[in-house]
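Text of protein.txt, listed as compact mmCIF, C-alpha atoms:
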# COMPACT_ATOMS: atom_id res chain seq x y z
CA MET X 1 -22.57 71.60 -20.14
CA LYS X 2 -22.97 68.14 -18.61
CA LYS X 3 -20.09 66.20 -17.08
CA ILE X 4 -18.95 63.14 -19.05
CA GLU X 5 -20.28 60.82 -16.32
CA GLU X 6 -23.78 62.08 -17.05
CA TYR X 7 -23.59 60.70 -20.60
CA VAL X 8 -22.77 57.15 -19.44
CA ARG X 9 -25.83 54.94 -18.98
CA ASN X 10 -25.73 52.69 -15.91
CA ILE X 11 -27.55 49.39 -16.32
CA PRO X 12 -28.01 47.51 -13.03
CA ASP X 13 -27.76 43.72 -12.82
CA PHE X 14 -26.17 43.25 -16.26
CA PRO X 15 -24.70 40.88 -17.29
CA GLU X 16 -25.47 39.37 -13.88
CA LYS X 17 -27.08 40.41 -10.60
CA GLY X 18 -24.99 42.85 -8.59
CA ILE X 19 -23.06 44.24 -11.57
CA ILE X 20 -23.61 47.77 -12.86
CA PHE X 21 -22.86 47.83 -16.59
CA ARG X 22 -21.34 51.13 -17.74
CA ASP X 23 -22.78 51.65 -21.23
CA VAL X 24 -20.67 53.87 -23.49
CA THR X 25 -23.17 53.85 -26.38
CA THR X 26 -25.06 56.76 -24.81
CA VAL X 27 -21.84 58.80 -24.96
CA LEU X 28 -21.45 57.96 -28.65
CA GLN X 29 -25.08 58.73 -29.50
CA ASP X 30 -24.90 62.29 -28.19
CA ALA X 31 -22.82 64.76 -30.23
CA GLU X 32 -21.86 66.79 -27.15
CA GLY X 33 -21.06 63.64 -25.16
CA LEU X 34 -18.86 62.25 -27.93
CA LYS X 35 -17.01 65.55 -28.33
CA LEU X 36 -16.53 65.81 -24.57
CA ALA X 37 -15.21 62.22 -24.41
CA ILE X 38 -12.69 62.72 -27.23
CA ASP X 39 -11.58 66.14 -25.96
CA SER X 40 -11.20 64.77 -22.41
CA MET X 41 -9.08 61.87 -23.64
CA ILE X 42 -6.90 64.21 -25.71
CA ARG X 43 -6.29 66.33 -22.60
CA LEU X 44 -4.85 63.22 -20.91
CA LEU X 45 -2.11 63.38 -23.55
CA ASP X 46 -0.95 66.93 -22.74
CA GLY X 47 2.85 66.97 -22.77
CA VAL X 48 3.19 63.39 -24.02
CA GLU X 49 5.47 62.93 -27.02
CA PHE X 50 4.41 60.03 -29.21
CA ASP X 51 4.48 58.83 -32.81
CA VAL X 52 1.46 56.56 -33.19
CA VAL X 53 -1.96 55.83 -31.69
CA VAL X 54 -2.83 52.17 -31.12
CA GLY X 55 -6.42 51.09 -30.46
CA THR X 56 -8.03 47.76 -29.69
CA GLU X 57 -11.08 46.39 -31.48
CA SER X 58 -13.68 47.80 -31.45
CA ARG X 59 -14.21 50.69 -29.09
CA GLY X 60 -10.51 51.50 -29.07
CA PHE X 61 -11.05 52.27 -32.76
CA ILE X 62 -14.02 54.52 -31.97
CA PHE X 63 -11.96 56.67 -29.61
CA GLY X 64 -8.47 56.15 -31.05
CA VAL X 65 -9.13 57.23 -34.63
CA PRO X 66 -10.53 60.69 -33.82
CA ILE X 67 -7.66 61.23 -31.36
CA ALA X 68 -5.12 60.26 -34.04
CA TYR X 69 -6.88 62.50 -36.57
CA ALA X 70 -7.05 65.50 -34.22
CA LEU X 71 -3.37 65.19 -33.30
CA GLY X 72 -2.10 64.38 -36.81
CA LYS X 73 -0.83 60.89 -35.92
CA PRO X 74 -1.24 57.51 -37.62
CA PHE X 75 -3.58 54.90 -36.17
CA VAL X 76 -2.74 51.20 -35.71
CA PRO X 77 -5.63 48.76 -35.21
CA VAL X 78 -5.32 45.72 -32.95
CA ARG X 79 -7.92 43.16 -33.94
CA LYS X 80 -9.33 39.81 -32.96
CA ARG X 81 -7.51 36.83 -34.41
CA GLY X 82 -8.02 36.24 -38.14
CA LYS X 83 -9.33 39.72 -39.04
CA LEU X 84 -6.16 41.37 -40.40
CA PRO X 85 -5.14 40.61 -44.01
CA CYS X 86 -1.32 40.80 -43.86
CA GLU X 87 1.33 39.04 -41.82
CA THR X 88 0.60 39.44 -38.10
CA ILE X 89 1.92 38.78 -34.62
CA ALA X 90 -0.45 37.56 -31.93
CA ALA X 91 -0.93 37.58 -28.17
CA LYS X 92 -3.32 35.53 -26.04
CA TYR X 93 -5.04 36.78 -22.92
CA ASP X 94 -7.43 35.35 -20.36
CA LEU X 95 -11.12 36.07 -20.22
CA GLU X 96 -13.50 35.33 -17.38
CA TYR X 97 -14.27 32.00 -19.09
CA GLY X 98 -11.49 30.89 -21.44
CA SER X 99 -9.07 32.97 -23.47
CA ALA X 100 -8.91 35.14 -26.57
CA GLU X 101 -6.25 36.24 -29.01
CA ILE X 102 -5.50 39.59 -30.63
CA GLU X 103 -3.28 40.44 -33.57
CA MET X 104 -1.39 43.34 -35.06
CA HIS X 105 0.25 43.66 -38.46
CA LYS X 106 3.98 42.94 -38.27
CA ASP X 107 4.77 46.17 -40.09
CA SER X 108 2.49 48.44 -38.03
CA ILE X 109 5.10 49.55 -35.48
CA VAL X 110 8.65 50.55 -36.37
CA PRO X 111 11.35 49.85 -33.76
CA GLY X 112 11.75 52.89 -31.53
CA GLN X 113 8.29 54.29 -32.20
CA ARG X 114 6.55 55.77 -29.17
CA ALA X 115 2.96 54.58 -28.94
CA ILE X 116 -0.05 55.58 -26.95
CA LEU X 117 -2.71 52.96 -26.39
CA VAL X 118 -6.40 53.94 -26.40
CA ASP X 119 -9.45 51.97 -25.28
CA ASP X 120 -12.86 52.77 -23.87
CA LEU X 121 -12.58 50.80 -20.64
CA ILE X 122 -10.09 49.11 -18.38
CA ALA X 123 -11.53 46.30 -16.30
CA THR X 124 -9.14 43.40 -15.59
CA GLY X 125 -6.44 44.74 -17.93
CA GLY X 126 -5.94 41.54 -19.92
CA THR X 127 -6.61 42.97 -23.38
CA VAL X 128 -4.39 45.98 -22.80
CA GLU X 129 -1.61 43.83 -21.37
CA ALA X 130 -1.70 41.66 -24.52
CA CYS X 131 -1.69 44.76 -26.73
CA ILE X 132 1.36 46.14 -24.91
CA SER X 133 3.18 42.86 -25.54
CA LEU X 134 2.50 43.20 -29.29
CA ILE X 135 3.80 46.77 -29.43
CA GLU X 136 6.92 45.80 -27.51
CA GLN X 137 7.52 42.67 -29.63
CA LEU X 138 7.77 44.98 -32.63
CA GLY X 139 10.26 47.25 -30.85
CA GLY X 140 7.82 50.01 -29.93
CA GLU X 141 7.61 51.79 -26.60
CA VAL X 142 4.29 52.38 -24.85
CA VAL X 143 4.51 55.92 -23.46
CA LYS X 144 0.89 56.32 -22.25
CA ILE X 145 -2.31 54.30 -21.97
CA ILE X 146 -5.62 56.14 -21.84
CA PHE X 147 -9.18 55.04 -21.19
CA LEU X 148 -12.51 56.78 -21.09
CA MET X 149 -13.59 54.65 -18.10
CA GLU X 150 -11.90 52.57 -15.43
CA LEU X 151 -13.47 49.96 -13.17
CA ALA X 152 -11.01 50.33 -10.30
CA GLY X 153 -12.47 47.45 -8.30
CA LEU X 154 -11.26 44.95 -10.92
CA LYS X 155 -7.66 46.11 -10.42
CA GLY X 156 -6.68 46.15 -14.11
CA ARG X 157 -4.33 49.05 -13.47
CA ASP X 158 -2.26 46.73 -11.23
CA LYS X 159 -1.24 44.71 -14.32
CA LEU X 160 0.03 47.92 -15.93
CA GLY X 161 2.15 49.10 -13.02
CA LYS X 162 5.19 50.26 -14.97
CA TYR X 163 3.15 52.23 -17.52
CA ASP X 164 1.65 55.72 -17.43
CA VAL X 165 -2.10 55.02 -17.23
CA ALA X 166 -4.91 57.59 -17.13
CA SER X 167 -8.69 57.45 -17.25
CA VAL X 168 -11.25 60.19 -17.74
CA ILE X 169 -13.76 58.51 -15.39
CA THR X 170 -12.96 56.14 -12.53
CA TYR X 171 -15.67 53.98 -10.96
CA GLU X 172 -14.56 52.55 -7.63
CA GLY X 173 -16.52 49.30 -7.91
CA ASN X 174 -16.57 46.72 -10.64
I need this file expressed as structure tokens, please.
Amino acid sequence: MKKIEEYVRNIPDFPEKGIIFRDVTTVLQDAEGLKLAIDSMIRLLDGVEFDVVVGTESRGFIFGVPIAYALGKPFVPVRKRGKLPCETIAAKYDLEYGSAEIEMHKDSIVPGQRAILVDDLIATGGTVEACISLIEQLGGEVVKIIFLMELAGLKGRDKLGKYDVASVITYEGN
């Protein structure tokens, strides 16, 4: 069986020269790669007690929903501004050029609930940091944050210093 890293396609000089883009679609398009990714992420949760899985749009949904299903937990989506139909809370975060905003339904986390946060990739950590703020605004506790891939050179983990963070694959550069 291949290692999970072998399923990730590396695209040099995208989106700009000198950057190696880590493409997760090749993991998703291969049944063995997808199973290995989900199973590997679930193993990062060994011994963690939690009530709910939270995932960010869109690849956090792709990985978070099967994890929630496999472990018999509910799934809470965090979406881009204006996409959720009920009353929401919002958090802004910085992008390379400008800012963005994410939202979560006000009734999606019950005070005291222990949440894990799932996404495909941690780069600068801005999206995850905003998501944590939403969970905590609603009285939830983030007990673990898991990623399939981490770009360690962008130091996103530094923003999440007080949280338990784990990645299946760590790339040293950015």
Best match for closeness to Gly139 in chain X among X:Lys17, X:Arg81, X:Lys106, X:Arg9, counting only C-alpha atoms: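 That would be X:Lys106, the residue with the smallest distance to Gly139 in chain X.
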I'd like the interatomic distance between CA of Gly55 in chain X and CA of Glu101 in chain X, to a tenth of an Å.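 Pair CA of Gly55 in chain X / CA of Glu101 in chain X returns 14.9 Å.
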Name the closest residue to Tyr7 in chain X among the candidates X:Met104, X:Arg157, X:Val65, X:Met149; distances are taken between atoms, counting all atoms listed in the file. X:Met149
Applying 7 Å and only C-alpha atoms, which residues near Val143 in chain X remain after dropping the ones on its own chain fewer than 6 positions away? List them as a list in words. Arg114, Ala115, Ile116 and Asp164 of chain X
Distance table requested - range 58-91 of chain X against range 121-134 of chain X, cut-off 10 Å, all atoms listed in the file: one row per qualifying residue with the closest atom pair and its distance in Å to one decimal, ordered by chain and rising residue number, as a Markdown table.
| residue | atom | partner | partner_atom | distance |
| --- | --- | --- | --- | --- |
| X:Arg59 | CA | X:Leu121 | CA | 8.6 |
| X:Gly60 | CA | X:Leu121 | CA | 8.7 |
| X:Val78 | CA | X:Cys131 | CA | 7.3 |
| X:Arg79 | CA | X:Cys131 | CA | 9.7 |
| X:Thr88 | CA | X:Leu134 | CA | 9.8 |
| X:Ile89 | CA | X:Leu134 | CA | 6.9 |
| X:Ala90 | CA | X:Leu134 | CA | 6.9 |
| X:Ala91 | CA | X:Ala130 | CA | 5.5 |
Mind giving me the straight-line distance from CA of Glu150 in chain X to CA of Ser167 in chain X in Å, one decimal?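 Result for CA of Glu150 in chain X versus CA of Ser167 in chain X: 6.1 Å, one decimal.
Going from CA of Leu148 in chain X over to CA of His105 in chain X, you cover 25.2 Å.
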Let me make sure I understand: among X:Pro111, X:Pro77, X:Gly47, X:Gly98, which one has the smallest atom-to-atom distance to Phe61 in chain X if we use only C-alpha atoms?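 Comparing X:Pro111, X:Pro77, X:Gly47, X:Gly98 against Phe61 in chain X, the winner is X:Pro77.
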Please provide the set of residues having any atom within 10 Å of Val110 in chain X, restricted to all atoms listed in the file, with same-chain residues fewer than 6 positions apart removed, written as number ranges by chain. X: 51-52, 135, 138-141
Expected residue set, 12 Å radius at (-28.5, 53.8, -16.9), all atoms listed in the file, as a ChimeraX atom specification: /X:5-14,20-27
Determine, counting only C-alpha atoms, which protein, DNA and RNA residues have an atom within 10 Å of an atom of Lys144 in chain X; residues of the same chain fewer than 4 positions away are not included. Present the result as a PyMOL selection string. chain X and resi 44-45+48-50+53+114-118+163-166
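For the residues X:Gln137, X:Gln113, X:Thr56, X:Gln29, ranking by smallest atom-to-atom distance to Lys73 in chain X using all atoms listed in the file places X:Gln113 first.
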Selected residue, from X:Val54, X:Ala152, X:Val168, X:Ile19, that lies nearest to Ile42 in chain X when counting all atoms listed in the file: X:Val168
Check the smallest atom-to-atom distance from each of X:Ile102, X:Leu160, X:Ile4, X:Leu95 to Lys83 in chain X using all atoms listed in the file, then report the winner.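 Of X:Ile102, X:Leu160, X:Ile4, X:Leu95, the one nearest Lys83 in chain X is X:Ile102, counting all atoms listed in the file.
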For range 134-139 of chain X, what centre and edge lengths in Å (one decimal) does the axis-aligned box get once 8 Å is added on each side of all its listed atoms, as lines of an AutoDock Vina configuration file?
center_x = 6.4
center_y = 45.0
center_z = -30.1
size_x = 23.8
size_y = 20.6
size_z = 21.1
Incomplete range 9-23 of chain X brought to N, CA and C atoms, written out as a short mmCIF file (atom, residue, chain, number, x, y, z; two decimals), keeping the file's coordinate frame:
data_model
loop_
_atom_site.label_atom_id
_atom_site.label_comp_id
_atom_site.auth_asym_id
_atom_site.auth_seq_id
_atom_site.Cartn_x
_atom_site.Cartn_y
_atom_site.Cartn_z
N ARG X 9 -24.62 55.60 -19.51
CA ARG X 9 -25.83 54.94 -18.98
C ARG X 9 -25.40 53.81 -18.05
N ASN X 10 -26.00 53.75 -16.88
CA ASN X 10 -25.73 52.69 -15.91
C ASN X 10 -26.87 51.69 -15.96
N ILE X 11 -26.53 50.44 -16.23
CA ILE X 11 -27.55 49.39 -16.32
C ILE X 11 -27.31 48.40 -15.18
N PRO X 12 -28.19 48.41 -14.17
CA PRO X 12 -28.01 47.51 -13.03
C PRO X 12 -28.30 46.06 -13.40
N ASP X 13 -27.57 45.17 -12.71
CA ASP X 13 -27.76 43.72 -12.82
C ASP X 13 -27.53 43.19 -14.23
N PHE X 14 -26.55 43.76 -14.93
CA PHE X 14 -26.17 43.25 -16.26
C PHE X 14 -24.66 43.16 -16.33
N PRO X 15 -24.08 42.08 -16.74
CA PRO X 15 -24.70 40.88 -17.29
C PRO X 15 -25.20 39.89 -16.22
N GLU X 16 -24.95 40.22 -14.94
CA GLU X 16 -25.47 39.37 -13.88
C GLU X 16 -25.83 40.24 -12.67
N LYS X 17 -26.60 39.68 -11.78
CA LYS X 17 -27.08 40.41 -10.60
C LYS X 17 -25.89 40.96 -9.80
N GLY X 18 -26.02 42.22 -9.40
CA GLY X 18 -24.99 42.85 -8.59
C GLY X 18 -23.98 43.67 -9.39
N ILE X 19 -23.99 43.51 -10.71
CA ILE X 19 -23.06 44.24 -11.57
C ILE X 19 -23.79 45.46 -12.14
N ILE X 20 -23.09 46.59 -12.17
CA ILE X 20 -23.61 47.77 -12.86
C ILE X 20 -22.82 47.91 -14.15
N PHE X 21 -23.49 47.73 -15.28
CA PHE X 21 -22.86 47.83 -16.59
C PHE X 21 -22.77 49.30 -16.97
N ARG X 22 -21.57 49.75 -17.32
CA ARG X 22 -21.34 51.13 -17.74
C ARG X 22 -21.41 51.18 -19.27
N ASP X 23 -22.50 51.68 -19.79
CA ASP X 23 -22.78 51.65 -21.23
C ASP X 23 -22.26 52.91 -21.91
#
